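Structure file work_33.txt; described as compact mmCIF, C-alpha atoms.
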```txt
# COMPACT_ATOMS: atom_id res chain seq x y z
CA MET C 160 61.36 190.82 89.85
CA CYS C 161 62.56 192.09 93.19
CA PRO C 162 64.49 195.33 93.50
CA LYS C 163 68.19 194.57 93.77
CA ASN C 164 68.96 197.16 96.42
CA PRO C 165 70.87 196.31 99.56
CA LEU C 166 68.75 195.72 102.67
CA VAL C 167 68.74 198.29 105.47
CA THR C 168 69.59 197.24 108.99
CA VAL C 169 70.16 199.08 112.27
CA ASP C 170 72.56 198.31 115.11
CA ALA C 171 73.06 199.90 118.51
CA VAL C 172 76.08 200.53 120.69
CA ILE C 173 74.26 200.66 124.03
CA ILE C 174 75.80 201.96 127.21
CA PHE C 175 74.15 200.37 130.24
CA LYS C 176 75.57 200.72 133.76
CA GLY C 177 78.96 201.72 132.36
CA LYS C 178 79.19 198.73 130.04
CA ILE C 179 78.32 197.78 126.45
CA VAL C 180 75.30 195.53 125.85
CA LEU C 181 75.74 192.57 123.48
CA ILE C 182 73.50 189.67 122.58
CA LYS C 183 74.52 186.12 121.80
CA ARG C 184 73.00 185.31 118.40
CA LYS C 185 70.42 182.54 118.34
CA ASN C 186 70.29 182.22 114.55
CA PRO C 187 72.77 181.97 111.65
CA PRO C 188 74.85 183.65 110.42
CA PHE C 189 77.33 183.86 113.31
CA GLN C 190 75.05 181.66 115.47
CA GLY C 191 76.33 181.64 119.05
CA CYS C 192 78.52 184.71 118.49
CA PHE C 193 78.17 187.93 120.41
CA ALA C 194 76.88 190.89 118.42
CA LEU C 195 75.50 194.39 118.82
CA PRO C 196 71.71 194.31 119.15
CA GLY C 197 69.99 195.20 115.88
CA GLY C 198 68.16 193.90 112.84
CA PHE C 199 66.28 194.72 109.67
CA VAL C 200 64.30 197.93 109.25
CA GLU C 201 60.65 197.28 108.46
CA PRO C 202 58.66 199.34 105.97
CA GLY C 203 56.79 202.18 107.62
CA GLU C 204 59.21 202.73 110.49
CA THR C 205 62.08 205.19 110.73
CA THR C 206 65.57 203.86 111.42
CA GLU C 207 65.30 205.34 114.92
CA GLN C 208 62.05 203.43 115.54
CA ALA C 209 63.62 200.28 114.08
CA VAL C 210 66.60 200.36 116.41
CA GLU C 211 64.37 201.00 119.44
CA ARG C 212 62.13 198.06 118.45
CA GLU C 213 64.99 195.65 117.69
CA VAL C 214 66.84 196.46 120.90
CA PHE C 215 63.70 195.98 122.96
CA GLU C 216 62.89 192.69 121.21
CA GLU C 217 66.39 191.33 121.71
CA THR C 218 67.38 192.70 125.10
CA GLY C 219 64.27 193.95 126.90
CA LEU C 220 65.94 197.36 127.24
CA GLU C 221 64.47 200.69 126.29
CA ILE C 222 66.93 203.09 124.74
CA GLU C 223 67.50 206.78 124.40
CA ILE C 224 69.41 207.47 121.18
CA VAL C 225 72.43 209.70 121.79
CA LYS C 226 73.77 210.06 118.26
CA LEU C 227 74.22 208.54 114.82
CA LEU C 228 77.61 206.81 114.90
CA GLY C 229 77.98 205.80 111.27
CA VAL C 230 76.80 203.82 108.27
CA TYR C 231 78.45 200.49 107.45
CA SER C 232 77.88 199.28 103.92
CA ASP C 233 80.77 197.08 102.79
CA PRO C 234 79.04 194.54 100.50
CA SER C 235 80.88 191.68 102.23
CA ARG C 236 79.88 192.62 105.79
CA ASP C 237 77.00 190.11 105.91
CA PRO C 238 77.35 186.63 104.37
CA ARG C 239 73.60 186.59 103.56
CA GLY C 240 73.95 189.44 101.09
CA HIS C 241 74.52 193.16 100.90
CA THR C 242 73.24 195.06 103.93
CA VAL C 243 73.65 198.71 104.88
CA SER C 244 73.66 199.20 108.62
CA ILE C 245 72.79 202.48 110.31
CA VAL C 246 74.53 202.45 113.69
CA TYR C 247 73.35 204.50 116.67
CA MET C 248 74.84 205.12 120.08
CA ALA C 249 72.27 204.87 122.84
CA LEU C 250 71.75 204.74 126.58
CA GLY C 251 69.92 201.66 127.87
CA LYS C 252 67.19 201.72 130.53
CA GLY C 253 65.34 198.90 132.25
CA PHE C 254 66.25 195.30 132.92
CA PRO C 255 68.14 193.24 130.33
CA LYS C 256 66.37 190.03 129.37
CA ALA C 257 67.12 187.82 126.38
CA ASP C 258 64.11 187.45 124.12
CA SER C 259 63.05 185.64 120.95
CA ASP C 260 66.03 186.57 118.77
CA ALA C 261 68.84 186.28 121.32
CA GLN C 262 70.20 183.38 123.36
CA GLU C 263 71.67 185.65 125.98
CA VAL C 264 72.16 189.32 126.83
CA LYS C 265 75.47 190.23 128.42
CA THR C 266 77.29 193.45 129.23
CA PHE C 267 81.00 193.94 128.59
CA ASP C 268 83.61 196.39 129.75
CA PRO C 269 84.43 198.45 126.62
CA ARG C 270 88.13 197.74 127.20
CA ASP C 271 87.50 194.01 127.08
CA MET C 272 85.12 193.23 124.23
CA PRO C 273 84.80 189.71 122.82
CA GLU C 274 85.13 188.64 119.19
CA MET C 275 81.87 189.73 117.57
CA ALA C 276 79.76 188.91 114.52
CA PHE C 277 79.84 190.86 111.23
CA ASP C 278 81.98 194.05 111.38
CA HIS C 279 80.89 194.82 114.94
CA ASN C 280 84.43 194.89 116.34
CA VAL C 281 85.26 197.59 113.78
CA ILE C 282 82.13 199.53 114.79
CA ILE C 283 83.22 199.44 118.44
CA GLU C 284 86.77 200.52 117.53
CA ASN C 285 85.41 203.47 115.55
CA ALA C 286 83.09 204.39 118.45
CA ARG C 287 85.84 204.38 121.10
CA SER C 288 86.05 208.14 121.55
CA ASP C 289 82.24 208.46 121.76
CA ILE C 290 82.03 205.60 124.28
CA HIS C 291 84.82 207.14 126.33
CA GLY C 292 83.12 210.55 126.18
CA ILE C 293 79.86 209.18 127.55
CA LEU C 294 81.46 207.01 130.26
CA SER C 295 83.73 209.81 131.48
CA GLY C 296 80.72 212.15 131.78
CA MET C 297 78.72 209.66 133.90
CA MET D 148 58.09 187.29 97.26
CA CYS D 149 60.25 190.36 97.49
CA PRO D 150 61.71 191.50 100.79
CA LYS D 151 59.64 194.34 102.20
CA ASN D 152 62.54 196.46 103.40
CA PRO D 153 62.80 200.13 102.57
CA LEU D 154 65.14 201.01 99.69
CA VAL D 155 68.47 202.67 100.43
CA THR D 156 69.36 205.93 98.73
CA VAL D 157 72.19 208.44 99.06
CA ASP D 158 72.16 212.22 98.73
CA ALA D 159 74.92 214.80 98.79
CA VAL D 160 75.17 218.35 100.07
CA ILE D 161 77.99 219.49 97.80
CA ILE D 162 79.96 222.68 98.32
CA PHE D 163 81.35 223.95 95.03
CA LYS D 164 82.93 227.40 94.69
CA GLY D 165 81.23 228.57 97.88
CA LYS D 166 77.78 227.45 96.79
CA ILE D 167 75.51 224.38 97.05
CA VAL D 168 75.04 222.20 93.96
CA LEU D 169 71.50 221.19 93.02
CA ILE D 170 70.05 219.40 90.03
CA LYS D 171 66.72 219.99 88.37
CA ARG D 172 64.97 216.59 88.30
CA LYS D 173 64.26 215.16 84.85
CA ASN D 174 61.96 212.38 86.07
CA PRO D 175 59.02 212.01 88.48
CA PRO D 176 58.48 212.34 91.37
CA PHE D 177 59.09 216.08 91.74
CA GLN D 178 59.86 216.35 88.00
CA GLY D 179 61.28 219.81 87.25
CA CYS D 180 62.04 220.51 90.93
CA PHE D 181 65.47 221.24 92.30
CA ALA D 182 66.97 218.52 94.49
CA LEU D 183 70.21 217.42 96.07
CA PRO D 184 72.12 215.08 93.73
CA GLY D 185 71.69 211.43 94.72
CA GLY D 186 69.94 208.17 93.98
CA PHE D 187 69.58 204.49 94.78
CA VAL D 188 72.45 202.42 96.15
CA GLU D 189 73.27 199.46 93.92
CA PRO D 190 74.18 196.05 95.28
CA GLY D 191 77.93 195.58 95.61
CA GLU D 192 78.78 199.23 96.23
CA THR D 193 79.26 201.03 99.52
CA THR D 194 77.11 204.07 100.26
CA GLU D 195 80.23 206.22 99.76
CA GLN D 196 80.80 204.72 96.30
CA ALA D 197 77.09 205.13 95.51
CA VAL D 198 77.07 208.84 96.32
CA GLU D 199 80.25 209.42 94.29
CA ARG D 200 78.75 207.57 91.31
CA GLU D 201 75.35 209.27 91.49
CA VAL D 202 76.84 212.75 91.83
CA PHE D 203 79.15 212.17 88.88
CA GLU D 204 76.31 210.78 86.74
CA GLU D 205 74.02 213.69 87.55
CA THR D 206 76.39 216.63 87.74
CA GLY D 207 79.74 215.66 86.15
CA LEU D 208 81.45 216.61 89.43
CA GLU D 209 83.87 214.47 91.36
CA ILE D 210 83.46 214.72 95.11
CA GLU D 211 85.51 214.38 98.24
CA ILE D 212 83.29 213.25 101.11
CA VAL D 213 83.75 215.45 104.18
CA LYS D 214 81.35 213.78 106.60
CA LEU D 215 78.18 211.81 107.14
CA LEU D 216 75.46 214.39 107.78
CA GLY D 217 72.57 212.16 108.73
CA VAL D 218 70.08 209.45 107.85
CA TYR D 219 66.57 210.42 106.71
CA SER D 220 64.02 207.64 106.93
CA ASP D 221 60.54 209.09 107.42
CA PRO D 222 58.31 206.61 105.54
CA SER D 223 56.49 209.48 103.82
CA ARG D 224 59.62 211.23 102.50
CA ASP D 225 59.32 209.69 99.01
CA PRO D 226 55.91 209.27 97.32
CA ARG D 227 57.18 206.13 95.49
CA GLY D 228 57.57 204.21 98.74
CA HIS D 229 59.71 204.00 101.84
CA THR D 230 63.31 205.05 101.26
CA VAL D 231 66.13 205.54 103.75
CA SER D 232 68.59 208.18 102.59
CA ILE D 233 72.17 208.37 103.79
CA VAL D 234 73.25 211.99 103.40
CA TYR D 235 76.87 213.08 103.00
CA MET D 236 78.52 216.47 102.93
CA ALA D 237 81.13 216.74 100.18
CA LEU D 238 83.38 219.11 98.29
CA GLY D 239 82.88 219.18 94.52
CA LYS D 240 85.69 219.24 91.96
CA GLY D 241 85.61 219.57 88.17
CA PHE D 242 83.11 221.17 85.83
CA PRO D 243 79.36 220.84 86.46
CA LYS D 244 77.48 219.38 83.52
CA ALA D 245 73.91 218.01 83.56
CA ASP D 246 73.79 214.40 82.49
CA SER D 247 71.26 211.62 81.89
CA ASP D 248 69.26 211.95 85.11
CA ALA D 249 69.23 215.75 85.45
CA GLN D 250 67.77 218.53 83.32
CA GLU D 251 70.10 221.11 84.74
CA VAL D 252 72.85 221.58 87.31
CA LYS D 253 72.82 224.86 89.21
CA THR D 254 74.61 226.26 92.24
CA PHE D 255 72.86 228.26 94.94
CA ASP D 256 73.94 230.55 97.70
CA PRO D 257 73.20 228.58 100.91
CA ARG D 258 71.32 231.64 102.27
CA ASP D 259 69.01 231.62 99.25
CA MET D 260 67.99 228.03 98.50
CA PRO D 261 64.93 227.25 96.34
CA GLU D 262 62.01 225.00 97.22
CA MET D 263 63.37 221.47 96.82
CA ALA D 264 62.07 217.93 96.26
CA PHE D 265 61.50 215.36 99.03
CA ASP D 266 62.77 216.49 102.47
CA HIS D 267 65.80 218.22 100.98
CA ASN D 268 64.99 221.63 102.48
CA VAL D 269 64.98 219.99 105.92
CA ILE D 270 68.34 218.35 105.14
CA ILE D 271 69.83 221.73 104.23
CA GLU D 272 68.38 223.34 107.37
CA ASN D 273 69.92 220.60 109.53
CA ALA D 274 73.26 220.98 107.72
CA ARG D 275 73.46 224.76 108.20
CA SER D 276 76.19 224.73 110.84
CA ASP D 277 78.30 222.28 108.83
CA ILE D 278 77.87 224.32 105.65
CA HIS D 279 78.79 227.49 107.51
CA GLY D 280 81.81 225.78 109.07
CA ILE D 281 83.17 224.73 105.68
CA LEU D 282 82.46 228.04 103.97
CA SER D 283 84.01 230.10 106.75
CA GLY D 284 87.16 227.96 106.60
CA MET D 285 87.61 228.43 102.83
```
Write out the structure in this file as C-alpha cells.
Amino acid sequence: MCPKNPLVTVDAVIIFKGKIVLIKRKNPPFQGCFALPGGFVEPGETTEQAVEREVFEETGLEIEIVKLLGVYSDPSRDPRGHTVSIVYMALGKGFPKADSDAQEVKTFDPRDMPEMAFDHNVIIENARSDIHGILSGM
Amino acid sequence: MCPKNPLVTVDAVIIFKGKIVLIKRKNPPFQGCFALPGGFVEPGETTEQAVEREVFEETGLEIEIVKLLGVYSDPSRDPRGHTVSIVYMALGKGFPKADSDAQEVKTFDPRDMPEMAFDHNVIIENARSDIHGILSGM
C-alpha cells in the first residue's frame, strides 16, 4: 500500500526584468491557464534544487533564490489530490524559452496579473510586499 | 506503483515559559534522543493543522503558530528515507504531558540545548535570532 501523505511540490515567484514570469500550462489540470513555474519534488533533491530544476525545465531560466515565501497546503488547492507547495521568491537569469511542460512563457507586470491556476493568485497577493521590495531596490 | 515523492513532515520550535520544548523519542530512528515535536502530515490537513495535532499528541500543549521558520529537505536528514520538513515557530499553552509518541517532554534553556535527532540542532541554530526576538519581547 502506498503512503497516504500529501505530495510535495515547489513553485517560484520569479522576478525577471522587472516583471513576474508565468507559464501557460500544457497539461491538465488548468490546461491553458497561466501559472507560476513549478512542479513535483523528486526523491533525492532538496526543495531548492527542485525549484531550480523545474523552473529551468519550464522556462529556460536559471534562478537565484531570494527567500522562502511560504508553504501552501490547503487540501483542495490541487484537484488531483492533496499537495503541499513550498514557494520561493527568485531572480531569473538567461533567456526565457518554453520547454516540454509549458506551452508558453510570458512575463507580467505585477500590478496586472492574469487569472492563474491553483491558488497562485493568492500566492502573488501574499507576496506583494516582497515583490515591491525587490522591484523598488532594482 | 507508489509515487516516489518525498514525505512531508512538520516540526515545531515551541517557546513555553521562556524555554524550548523537546520530546524524548519513543520510537526509532533516534530512539531515546531528544527532538523537536513533530511528525508526518496526513492527507486532508494543512501543515498548520498537522503541526498543531502532532504537538498536542506528543506534548499535550496547544500552540499558537508565530511564523514559518523554514523548510528542511536534505535527502539524508532522515535515515528512513527522504522527508521534507516544514518548521514553524510557536508559543505553547497548557500543561506539558508526554503522550503516545513521546517518552518524555522536557523544556530546555535555548542557550543549553542537548544533542538532538535528525537536523534539529541545525534548525535551532538557524532559529536563534527568532527565538531571541520572542524571548526578549516577553
> Any idea what the distance is between CA of Asn186 in chain C and CA of Val214 in chain C?
Replying inline: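 Value for the CA of Asn186 in chain C-CA of Val214 in chain C distance: 16.0 Å.
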>> Show me, as a ChimeraX atom specification, every residue of chain C with an atom at most 9 Å from chain D, counting only C-alpha atoms.
In response: /C:160-167,199-207,227,229-235,240-243,245
Could you fit chain D onto chain C with a least-squares superposition over all C-alpha atoms, matched one to one in order, and give me the transformed chain as a PDB file with C-alpha atoms, keeping the file's coordinate frame?
```
ATOM      1  CA  MET D 148      61.337 190.936  89.784  1.00  0.00           C
ATOM      2  CA  CYS D 149      62.547 192.170  93.124  1.00  0.00           C
ATOM      3  CA  PRO D 150      64.505 195.393  93.443  1.00  0.00           C
ATOM      4  CA  LYS D 151      68.200 194.628  93.756  1.00  0.00           C
ATOM      5  CA  ASN D 152      68.966 197.189  96.438  1.00  0.00           C
ATOM      6  CA  PRO D 153      70.873 196.288  99.565  1.00  0.00           C
ATOM      7  CA  LEU D 154      68.752 195.690 102.678  1.00  0.00           C
ATOM      8  CA  VAL D 155      68.745 198.273 105.456  1.00  0.00           C
ATOM      9  CA  THR D 156      69.587 197.227 108.993  1.00  0.00           C
ATOM     10  CA  VAL D 157      70.160 199.063 112.267  1.00  0.00           C
ATOM     11  CA  ASP D 158      72.559 198.310 115.108  1.00  0.00           C
ATOM     12  CA  ALA D 159      73.060 199.895 118.502  1.00  0.00           C
ATOM     13  CA  VAL D 160      76.081 200.523 120.688  1.00  0.00           C
ATOM     14  CA  ILE D 161      74.258 200.657 124.014  1.00  0.00           C
ATOM     15  CA  ILE D 162      75.802 201.956 127.217  1.00  0.00           C
ATOM     16  CA  PHE D 163      74.159 200.365 130.240  1.00  0.00           C
ATOM     17  CA  LYS D 164      75.577 200.744 133.755  1.00  0.00           C
ATOM     18  CA  GLY D 165      78.968 201.732 132.357  1.00  0.00           C
ATOM     19  CA  LYS D 166      79.202 198.744 130.041  1.00  0.00           C
ATOM     20  CA  ILE D 167      78.320 197.788 126.442  1.00  0.00           C
ATOM     21  CA  VAL D 168      75.311 195.527 125.847  1.00  0.00           C
ATOM     22  CA  LEU D 169      75.746 192.571 123.500  1.00  0.00           C
ATOM     23  CA  ILE D 170      73.516 189.664 122.593  1.00  0.00           C
ATOM     24  CA  LYS D 171      74.535 186.123 121.807  1.00  0.00           C
ATOM     25  CA  ARG D 172      73.000 185.326 118.396  1.00  0.00           C
ATOM     26  CA  LYS D 173      70.410 182.544 118.351  1.00  0.00           C
ATOM     27  CA  ASN D 174      70.281 182.221 114.558  1.00  0.00           C
ATOM     28  CA  PRO D 175      72.764 182.005 111.664  1.00  0.00           C
ATOM     29  CA  PRO D 176      74.873 183.677 110.435  1.00  0.00           C
ATOM     30  CA  PHE D 177      77.341 183.869 113.327  1.00  0.00           C
ATOM     31  CA  GLN D 178      75.053 181.663 115.460  1.00  0.00           C
ATOM     32  CA  GLY D 179      76.321 181.636 119.058  1.00  0.00           C
ATOM     33  CA  CYS D 180      78.520 184.714 118.511  1.00  0.00           C
ATOM     34  CA  PHE D 181      78.189 187.941 120.422  1.00  0.00           C
ATOM     35  CA  ALA D 182      76.875 190.896 118.427  1.00  0.00           C
ATOM     36  CA  LEU D 183      75.506 194.385 118.827  1.00  0.00           C
ATOM     37  CA  PRO D 184      71.700 194.305 119.158  1.00  0.00           C
ATOM     38  CA  GLY D 185      69.977 195.204 115.886  1.00  0.00           C
ATOM     39  CA  GLY D 186      68.158 193.906 112.845  1.00  0.00           C
ATOM     40  CA  PHE D 187      66.274 194.719 109.667  1.00  0.00           C
ATOM     41  CA  VAL D 188      64.299 197.931 109.243  1.00  0.00           C
ATOM     42  CA  GLU D 189      60.643 197.270 108.468  1.00  0.00           C
ATOM     43  CA  PRO D 190      58.665 199.316 105.976  1.00  0.00           C
ATOM     44  CA  GLY D 191      56.781 202.169 107.620  1.00  0.00           C
ATOM     45  CA  GLU D 192      59.218 202.716 110.483  1.00  0.00           C
ATOM     46  CA  THR D 193      62.076 205.178 110.728  1.00  0.00           C
ATOM     47  CA  THR D 194      65.567 203.850 111.410  1.00  0.00           C
ATOM     48  CA  GLU D 195      65.290 205.332 114.921  1.00  0.00           C
ATOM     49  CA  GLN D 196      62.049 203.423 115.553  1.00  0.00           C
ATOM     50  CA  ALA D 197      63.615 200.274 114.073  1.00  0.00           C
ATOM     51  CA  VAL D 198      66.606 200.359 116.411  1.00  0.00           C
ATOM     52  CA  GLU D 199      64.369 200.985 119.440  1.00  0.00           C
ATOM     53  CA  ARG D 200      62.127 198.058 118.457  1.00  0.00           C
ATOM     54  CA  GLU D 201      64.974 195.651 117.692  1.00  0.00           C
ATOM     55  CA  VAL D 202      66.838 196.455 120.906  1.00  0.00           C
ATOM     56  CA  PHE D 203      63.698 195.977 122.977  1.00  0.00           C
ATOM     57  CA  GLU D 204      62.870 192.683 121.233  1.00  0.00           C
ATOM     58  CA  GLU D 205      66.377 191.327 121.713  1.00  0.00           C
ATOM     59  CA  THR D 206      67.378 192.693 125.094  1.00  0.00           C
ATOM     60  CA  GLY D 207      64.255 193.955 126.924  1.00  0.00           C
ATOM     61  CA  LEU D 208      65.956 197.358 127.255  1.00  0.00           C
ATOM     62  CA  GLU D 209      64.460 200.677 126.302  1.00  0.00           C
ATOM     63  CA  ILE D 210      66.939 203.067 124.743  1.00  0.00           C
ATOM     64  CA  GLU D 211      67.518 206.763 124.396  1.00  0.00           C
ATOM     65  CA  ILE D 212      69.407 207.468 121.174  1.00  0.00           C
ATOM     66  CA  VAL D 213      72.423 209.706 121.786  1.00  0.00           C
ATOM     67  CA  LYS D 214      73.774 210.034 118.254  1.00  0.00           C
ATOM     68  CA  LEU D 215      74.219 208.523 114.828  1.00  0.00           C
ATOM     69  CA  LEU D 216      77.606 206.795 114.896  1.00  0.00           C
ATOM     70  CA  GLY D 217      77.975 205.804 111.275  1.00  0.00           C
ATOM     71  CA  VAL D 218      76.797 203.829 108.270  1.00  0.00           C
ATOM     72  CA  TYR D 219      78.452 200.491 107.447  1.00  0.00           C
ATOM     73  CA  SER D 220      77.876 199.277 103.915  1.00  0.00           C
ATOM     74  CA  ASP D 221      80.764 197.071 102.800  1.00  0.00           C
ATOM     75  CA  PRO D 222      79.056 194.523 100.510  1.00  0.00           C
ATOM     76  CA  SER D 223      80.887 191.669 102.244  1.00  0.00           C
ATOM     77  CA  ARG D 224      79.871 192.619 105.802  1.00  0.00           C
ATOM     78  CA  ASP D 225      76.992 190.101 105.926  1.00  0.00           C
ATOM     79  CA  PRO D 226      77.344 186.617 104.379  1.00  0.00           C
ATOM     80  CA  ARG D 227      73.581 186.574 103.567  1.00  0.00           C
ATOM     81  CA  GLY D 228      73.928 189.433 101.096  1.00  0.00           C
ATOM     82  CA  HIS D 229      74.537 193.151 100.905  1.00  0.00           C
ATOM     83  CA  THR D 230      73.243 195.047 103.927  1.00  0.00           C
ATOM     84  CA  VAL D 231      73.665 198.697 104.870  1.00  0.00           C
ATOM     85  CA  SER D 232      73.658 199.190 108.629  1.00  0.00           C
ATOM     86  CA  ILE D 233      72.793 202.468 110.303  1.00  0.00           C
ATOM     87  CA  VAL D 234      74.531 202.448 113.680  1.00  0.00           C
ATOM     88  CA  TYR D 235      73.357 204.481 116.669  1.00  0.00           C
ATOM     89  CA  MET D 236      74.853 205.110 120.073  1.00  0.00           C
ATOM     90  CA  ALA D 237      72.265 204.870 122.846  1.00  0.00           C
ATOM     91  CA  LEU D 238      71.759 204.730 126.584  1.00  0.00           C
ATOM     92  CA  GLY D 239      69.911 201.663 127.869  1.00  0.00           C
ATOM     93  CA  LYS D 240      67.194 201.724 130.527  1.00  0.00           C
ATOM     94  CA  GLY D 241      65.315 198.895 132.244  1.00  0.00           C
ATOM     95  CA  PHE D 242      66.250 195.297 132.927  1.00  0.00           C
ATOM     96  CA  PRO D 243      68.132 193.241 130.320  1.00  0.00           C
ATOM     97  CA  LYS D 244      66.356 190.034 129.389  1.00  0.00           C
ATOM     98  CA  ALA D 245      67.114 187.811 126.370  1.00  0.00           C
ATOM     99  CA  ASP D 246      64.109 187.431 124.130  1.00  0.00           C
ATOM    100  CA  SER D 247      63.060 185.640 120.939  1.00  0.00           C
ATOM    101  CA  ASP D 248      66.038 186.556 118.754  1.00  0.00           C
ATOM    102  CA  ALA D 249      68.829 186.283 121.340  1.00  0.00           C
ATOM    103  CA  GLN D 250      70.199 183.390 123.377  1.00  0.00           C
ATOM    104  CA  GLU D 251      71.669 185.662 125.981  1.00  0.00           C
ATOM    105  CA  VAL D 252      72.156 189.325 126.838  1.00  0.00           C
ATOM    106  CA  LYS D 253      75.475 190.244 128.423  1.00  0.00           C
ATOM    107  CA  THR D 254      77.303 193.463 129.224  1.00  0.00           C
ATOM    108  CA  PHE D 255      81.006 193.955 128.593  1.00  0.00           C
ATOM    109  CA  ASP D 256      83.618 196.380 129.744  1.00  0.00           C
ATOM    110  CA  PRO D 257      84.436 198.447 126.615  1.00  0.00           C
ATOM    111  CA  ARG D 258      88.164 197.747 127.214  1.00  0.00           C
ATOM    112  CA  ASP D 259      87.524 194.000 127.110  1.00  0.00           C
ATOM    113  CA  MET D 260      85.134 193.235 124.247  1.00  0.00           C
ATOM    114  CA  PRO D 261      84.812 189.698 122.827  1.00  0.00           C
ATOM    115  CA  GLU D 262      85.142 188.638 119.203  1.00  0.00           C
ATOM    116  CA  MET D 263      81.879 189.738 117.586  1.00  0.00           C
ATOM    117  CA  ALA D 264      79.761 188.913 114.525  1.00  0.00           C
ATOM    118  CA  PHE D 265      79.843 190.858 111.236  1.00  0.00           C
ATOM    119  CA  ASP D 266      81.962 194.053 111.385  1.00  0.00           C
ATOM    120  CA  HIS D 267      80.883 194.816 114.941  1.00  0.00           C
ATOM    121  CA  ASN D 268      84.428 194.899 116.340  1.00  0.00           C
ATOM    122  CA  VAL D 269      85.260 197.586 113.768  1.00  0.00           C
ATOM    123  CA  ILE D 270      82.134 199.526 114.795  1.00  0.00           C
ATOM    124  CA  ILE D 271      83.224 199.442 118.439  1.00  0.00           C
ATOM    125  CA  GLU D 272      86.770 200.507 117.519  1.00  0.00           C
ATOM    126  CA  ASN D 273      85.407 203.471 115.544  1.00  0.00           C
ATOM    127  CA  ALA D 274      83.083 204.391 118.430  1.00  0.00           C
ATOM    128  CA  ARG D 275      85.833 204.378 121.076  1.00  0.00           C
ATOM    129  CA  SER D 276      86.029 208.143 121.533  1.00  0.00           C
ATOM    130  CA  ASP D 277      82.241 208.452 121.765  1.00  0.00           C
ATOM    131  CA  ILE D 278      82.034 205.600 124.272  1.00  0.00           C
ATOM    132  CA  HIS D 279      84.812 207.152 126.329  1.00  0.00           C
ATOM    133  CA  GLY D 280      83.119 210.556 126.173  1.00  0.00           C
ATOM    134  CA  ILE D 281      79.855 209.177 127.547  1.00  0.00           C
ATOM    135  CA  LEU D 282      81.473 207.028 130.220  1.00  0.00           C
ATOM    136  CA  SER D 283      83.721 209.817 131.462  1.00  0.00           C
ATOM    137  CA  GLY D 284      80.709 212.133 131.757  1.00  0.00           C
ATOM    138  CA  MET D 285      78.690 209.661 133.866  1.00  0.00           C
TER     139      MET D 285
END
```
>> Rounded to one decimal, what separation in Å do you get between CA of Lys240 in chain D and CA of Glu211 in chain D?
In response: 7.9 Å
> Which residue, C:Ala261, C:Met272, C:Ile290, C:Met297, has the smallest gap to Pro187 in chain C when you use all atoms listed in the file?
Replying inline: C:Ala261
>> My list of candidates is C:Phe215, C:Ala194, C:Met248, C:Ala257. Which is closest to Ala286 in chain C when distances are computed with only C-alpha atoms?
In response: C:Met248
> What does the distance from CA of Val180 in chain C to CA of Lys265 in chain C come to in Å, to one decimal?
Replying inline: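 Result for CA of Val180 in chain C versus CA of Lys265 in chain C: 5.9 Å, one decimal.
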Gly177 in chain C: which residues within 12 Å, counting all atoms listed in the file, same-chain residues fewer than 6 positions away excluded, as an mmCIF file with C-alpha atoms, keeping the file's coordinate frame?
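Dumped everything to result_23.cif:
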```cif
data_model
loop_
_atom_site.group_PDB
_atom_site.id
_atom_site.type_symbol
_atom_site.label_atom_id
_atom_site.label_comp_id
_atom_site.auth_asym_id
_atom_site.auth_seq_id
_atom_site.Cartn_x
_atom_site.Cartn_y
_atom_site.Cartn_z
ATOM 1 C CA LEU C 250 71.750 204.740 126.580
ATOM 2 C CA GLY C 251 69.920 201.660 127.870
ATOM 3 C CA LYS C 252 67.190 201.720 130.530
ATOM 4 C CA THR C 266 77.290 193.450 129.230
ATOM 5 C CA PHE C 267 81.000 193.940 128.590
ATOM 6 C CA ASP C 268 83.610 196.390 129.750
ATOM 7 C CA PRO C 269 84.430 198.450 126.620
ATOM 8 C CA ARG C 270 88.130 197.740 127.200
ATOM 9 C CA ILE C 290 82.030 205.600 124.280
ATOM 10 C CA HIS C 291 84.820 207.140 126.330
ATOM 11 C CA GLY C 292 83.120 210.550 126.180
ATOM 12 C CA ILE C 293 79.860 209.180 127.550
ATOM 13 C CA LEU C 294 81.460 207.010 130.260
ATOM 14 C CA SER C 295 83.730 209.810 131.480
ATOM 15 C CA GLY C 296 80.720 212.150 131.780
ATOM 16 C CA MET C 297 78.720 209.660 133.900
#
```
> Nearest to Glu205 in chain D among D:Ile170, D:Val269, D:Ala264, D:Ala159, with distances taken over all atoms listed in the file: which residue is it?
Replying inline: D:Ile170
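Restricting the calculation to all atoms listed in the file, the smallest distance between Gly186 in chain D and any of D:Asp266, D:Asp277, D:Glu209, D:Asp248 is found for D:Asp248.
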